[in-house]
Amino acid sequence: MRQIIIIGSGPAGYTAAIYAARANLAPLLIASSVEAGGELMNTTEVENYPGFPEGVQGPELMEHFQAQAERFGTEVLYDDVTSVDLSGEVKKVTVGSGETLEALAVIVATGSAYRKLGIESEDRLSGHGVSWCATCDGFFFRGKEIAVVGGGDSAMEEATFLTRFASKVYVVHRKDTLRASKIMQDRAFANEKIEFVWNATIDEILGADKVTGVVLNDTRTGEKRTLDVTGLFVAIGNDPRVHLFHGQLDLTEEGTLAVEGRSSRTNLPGVFAAGDVIDPTYRQAITAAASGTVAALDAEHFLATLPEELLAPADGDSSPTSPASGSTVTADGQLVGAP
């Protein structure tokens with residue numbers, strides 16, 4: 001039995017692992033067998049993560065995260081979680097191999113997945129002109145003509161933000177009215193760099209090595225035409241990866257896992273959540289990493305309150321005064337002194 005299992009291998013999961021490992025909790029981090037590293041593995045250059053003034057490739061950044069977590073003793077398992085039982089004192093996590101792993105605490109850092117258009121060229125040109133994050137990639141399209149697909153608040157926000165860089169932003173929407181709030185619509189309509197393409201869907205993204213245009217399909221007539229752009233931002237929503245936890249962990253109205261205030265505590269004792277799976281708003285690597293820190297400290301605090309007889313069978317130093325890095329636990333169970 002483990003003291004702690006972390007599900008997810010993005011910035012939140014690996015940051016939680018770094019803190020948990022430094023607390024002598026011997027964490028096991030379960031990374032996906034096919035999507036290890038999270039969404040940053042699909043990103044080329046990352047220029048907004050602190051500490052890399054010249055930028056860093058997304059996969060390279062995640063290699064740094066993993067190396068740092070393993071340096072302090074994190075064990076990484078490349079497998080997929082197929083089911084969980086989080087209700088009892090001992091949490092059970094079953095993986096694809098059929099093995100059921102046990103732990104006293106679990107951190108859920110499964111992230112979220114951007115919704116895709118579902119066309120072949122979308123995946124092929126991901127990171128080469130196709131993006132799901134204007135904040136991450138907008139800078140690379142300075143002076144270019146680009147398109148945003150979507151009709152909600154996210155699409156209007158992305159399009160408005162991208163006008164800081166692009167010379168022209170086309171908003172492609174399948175209807176002739178938007179779902180976005182009035183204030184977001186008004187802001188987009190008032191922006192002279194934004195042009196709306198109504199009643200259109202994207203049938204194909206053109207380009208061999210990078211985006212050179214998109215093929216539009218008129219939803220009323222079926223007529224097809226080409227729009228010459230060098231970038232496409234897909235803003236049709238995202239889905240938190242919460243399917244494993246239905247019926248066990250509470251959800252918010254946005255579909256993310258619910259936590260108590262600014263903590264990482266879910267409705268079940270010993271179960272914590274961090275990163276994009278609890279964040280419907282920001283969804284940045286830096287905020288996910290910070291959230292992973294909170295989860296690890298909350299988990300350490302929780303483990304420090306458990307009786308010795310329960311901690312004894314678990315791997316790692318089970319002492320309730322085992323410090324993460326100078327932190328201690330007071331008589332009333334409060335974690336103090338953490339940097």
# chains A, B, ... in the order shown; residues from 1 in each chain; ligands from 1
call {"tool": "closest_atom_pairs", "arguments": {"of": "stretch 82-144 of chain A", "to": "stretch 283-295 of chain A", "cutoff": "10 Å", "atoms": "only C-alpha atoms", "output": "CSV"}}
result
residue,atom,partner,partner_atom,distance
A:Val106,CA,A:Ala295,CA,9.5
A:Ile107,CA,A:Ala295,CA,6.7
A:Val108,CA,A:Ala295,CA,8.9
A:Ala109,CA,A:Gly292,CA,7.8
A:Gly111,CA,A:Ala288,CA,8.8
A:Ser112,CA,A:Arg283,CA,8.6
A:Cys133,CA,A:Gln284,CA,9.2
A:Thr135,CA,A:Gln284,CA,8.7
A:Cys136,CA,A:Gln284,CA,8.3
call {"tool": "select_by_dssp", "arguments": {"residues": "stretch 56-286 of chain A", "states": "alpha helix (DSSP H)", "output": "ChimeraX atom specification"}}
result
/A:58-71,120-124,134-137,153-162,182-189,285-286
call {"tool": "write_last_selection", "arguments": {"atoms": "N, CA and C atoms", "output": "compact mmCIF listing (two decimals), in the first residue's frame"}}
result
# COMPACT_ATOMS: atom_id res chain seq x y z
N GLY A 58 7.28 22.29 -25.47
CA GLY A 58 6.36 21.68 -24.52
C GLY A 58 6.82 20.33 -24.01
N PRO A 59 7.19 19.38 -24.89
CA PRO A 59 7.67 18.08 -24.41
C PRO A 59 8.93 18.19 -23.55
N GLU A 60 9.82 19.13 -23.89
CA GLU A 60 11.04 19.31 -23.10
C GLU A 60 10.69 19.80 -21.70
N LEU A 61 9.74 20.72 -21.61
CA LEU A 61 9.33 21.22 -20.30
C LEU A 61 8.79 20.09 -19.44
N MET A 62 8.00 19.21 -20.03
CA MET A 62 7.46 18.09 -19.26
C MET A 62 8.54 17.10 -18.88
N GLU A 63 9.58 16.97 -19.70
CA GLU A 63 10.72 16.13 -19.31
C GLU A 63 11.39 16.68 -18.06
N HIS A 64 11.50 18.01 -17.99
CA HIS A 64 12.08 18.64 -16.79
C HIS A 64 11.22 18.36 -15.56
N PHE A 65 9.90 18.50 -15.73
CA PHE A 65 8.99 18.20 -14.61
C PHE A 65 9.21 16.77 -14.12
N GLN A 66 9.22 15.83 -15.05
CA GLN A 66 9.34 14.43 -14.66
C GLN A 66 10.69 14.14 -14.01
N ALA A 67 11.77 14.67 -14.59
CA ALA A 67 13.10 14.43 -14.03
C ALA A 67 13.20 14.95 -12.61
N GLN A 68 12.61 16.11 -12.36
CA GLN A 68 12.67 16.68 -11.01
C GLN A 68 11.87 15.83 -10.03
N ALA A 69 10.70 15.35 -10.46
CA ALA A 69 9.89 14.50 -9.58
C ALA A 69 10.61 13.19 -9.28
N GLU A 70 11.23 12.59 -10.29
CA GLU A 70 11.93 11.32 -10.09
C GLU A 70 13.19 11.50 -9.26
N ARG A 71 13.81 12.64 -9.37
CA ARG A 71 15.02 12.92 -8.57
C ARG A 71 14.73 12.76 -7.08
N GLU A 120 -9.12 14.85 -39.95
CA GLU A 120 -7.77 14.27 -39.97
C GLU A 120 -6.69 15.33 -39.90
N SER A 121 -6.81 16.39 -40.66
CA SER A 121 -5.75 17.39 -40.74
C SER A 121 -5.58 18.17 -39.45
N GLU A 122 -6.58 18.11 -38.57
CA GLU A 122 -6.50 18.81 -37.29
C GLU A 122 -5.36 18.25 -36.43
N ASP A 123 -5.31 16.94 -36.30
CA ASP A 123 -4.24 16.32 -35.52
C ASP A 123 -2.89 16.43 -36.23
N ARG A 124 -2.90 16.27 -37.52
CA ARG A 124 -1.64 16.30 -38.27
C ARG A 124 -0.96 17.66 -38.18
N ALA A 134 -5.07 30.46 -27.37
CA ALA A 134 -4.59 31.74 -27.88
C ALA A 134 -3.53 32.34 -26.97
N THR A 135 -3.72 32.20 -25.66
CA THR A 135 -2.74 32.73 -24.72
C THR A 135 -1.38 32.08 -24.91
N CYS A 136 -1.40 30.78 -25.22
CA CYS A 136 -0.14 30.05 -25.40
C CYS A 136 0.54 30.39 -26.72
N ASP A 137 -0.23 30.50 -27.80
CA ASP A 137 0.35 30.50 -29.14
C ASP A 137 0.10 31.76 -29.96
N ASP A 153 -18.45 32.23 -25.52
CA ASP A 153 -17.60 33.21 -24.86
C ASP A 153 -16.12 32.92 -25.09
N SER A 154 -15.75 31.65 -25.05
CA SER A 154 -14.35 31.29 -25.24
C SER A 154 -13.85 31.72 -26.61
N ALA A 155 -14.66 31.50 -27.64
CA ALA A 155 -14.27 31.88 -29.00
C ALA A 155 -14.13 33.39 -29.13
N MET A 156 -15.06 34.15 -28.53
CA MET A 156 -14.98 35.61 -28.61
C MET A 156 -13.76 36.12 -27.84
N GLU A 157 -13.49 35.51 -26.70
CA GLU A 157 -12.32 35.91 -25.92
C GLU A 157 -11.03 35.61 -26.68
N GLU A 158 -10.97 34.43 -27.29
CA GLU A 158 -9.78 34.06 -28.06
C GLU A 158 -9.58 35.00 -29.24
N ALA A 159 -10.67 35.27 -29.96
CA ALA A 159 -10.58 36.13 -31.14
C ALA A 159 -10.13 37.53 -30.75
N THR A 160 -10.71 38.08 -29.71
CA THR A 160 -10.36 39.43 -29.27
C THR A 160 -8.90 39.48 -28.82
N PHE A 161 -8.47 38.48 -28.08
CA PHE A 161 -7.08 38.44 -27.64
C PHE A 161 -6.13 38.35 -28.83
N LEU A 162 -6.48 37.56 -29.82
CA LEU A 162 -5.60 37.34 -30.96
C LEU A 162 -5.42 38.59 -31.83
N LYS A 182 -23.71 38.85 -24.28
CA LYS A 182 -23.83 40.09 -25.05
C LYS A 182 -22.57 40.94 -24.96
N ILE A 183 -21.98 41.02 -23.78
CA ILE A 183 -20.81 41.87 -23.63
C ILE A 183 -19.64 41.35 -24.46
N MET A 184 -19.51 40.01 -24.54
CA MET A 184 -18.43 39.43 -25.34
C MET A 184 -18.71 39.61 -26.83
N GLN A 185 -19.97 39.50 -27.21
CA GLN A 185 -20.34 39.73 -28.61
C GLN A 185 -20.05 41.18 -29.01
N ASP A 186 -20.50 42.10 -28.17
CA ASP A 186 -20.31 43.52 -28.48
C ASP A 186 -18.84 43.86 -28.64
N ARG A 187 -18.02 43.29 -27.79
CA ARG A 187 -16.59 43.55 -27.85
C ARG A 187 -16.00 43.04 -29.16
N ALA A 188 -16.43 41.85 -29.58
CA ALA A 188 -15.92 41.29 -30.84
C ALA A 188 -16.44 42.05 -32.04
N PHE A 189 -17.74 42.40 -32.04
CA PHE A 189 -18.31 43.14 -33.17
C PHE A 189 -17.65 44.51 -33.35
N ALA A 285 -0.41 26.23 -17.71
CA ALA A 285 0.54 25.33 -17.07
C ALA A 285 0.97 25.86 -15.71
N ILE A 286 1.16 27.17 -15.60
CA ILE A 286 1.66 27.75 -14.36
C ILE A 286 0.59 27.67 -13.26
call {"tool": "residues_around", "arguments": {"residues": "A:Ala17", "least_positions_apart": "5", "cutoff": "8 Å", "atoms": "only C-alpha atoms", "output": "NGL selection string"}}
result
:A and (6 or 27-29 or 69 or 74 or 296)
call {"tool": "residues_around", "arguments": {"residues": "A:Val34", "least_positions_apart": "4", "cutoff": "12 Å", "atoms": "only C-alpha atoms", "output": "PyMOL selection string"}}
result
chain A and resi 8-9+30+38-39+41+77-81+96
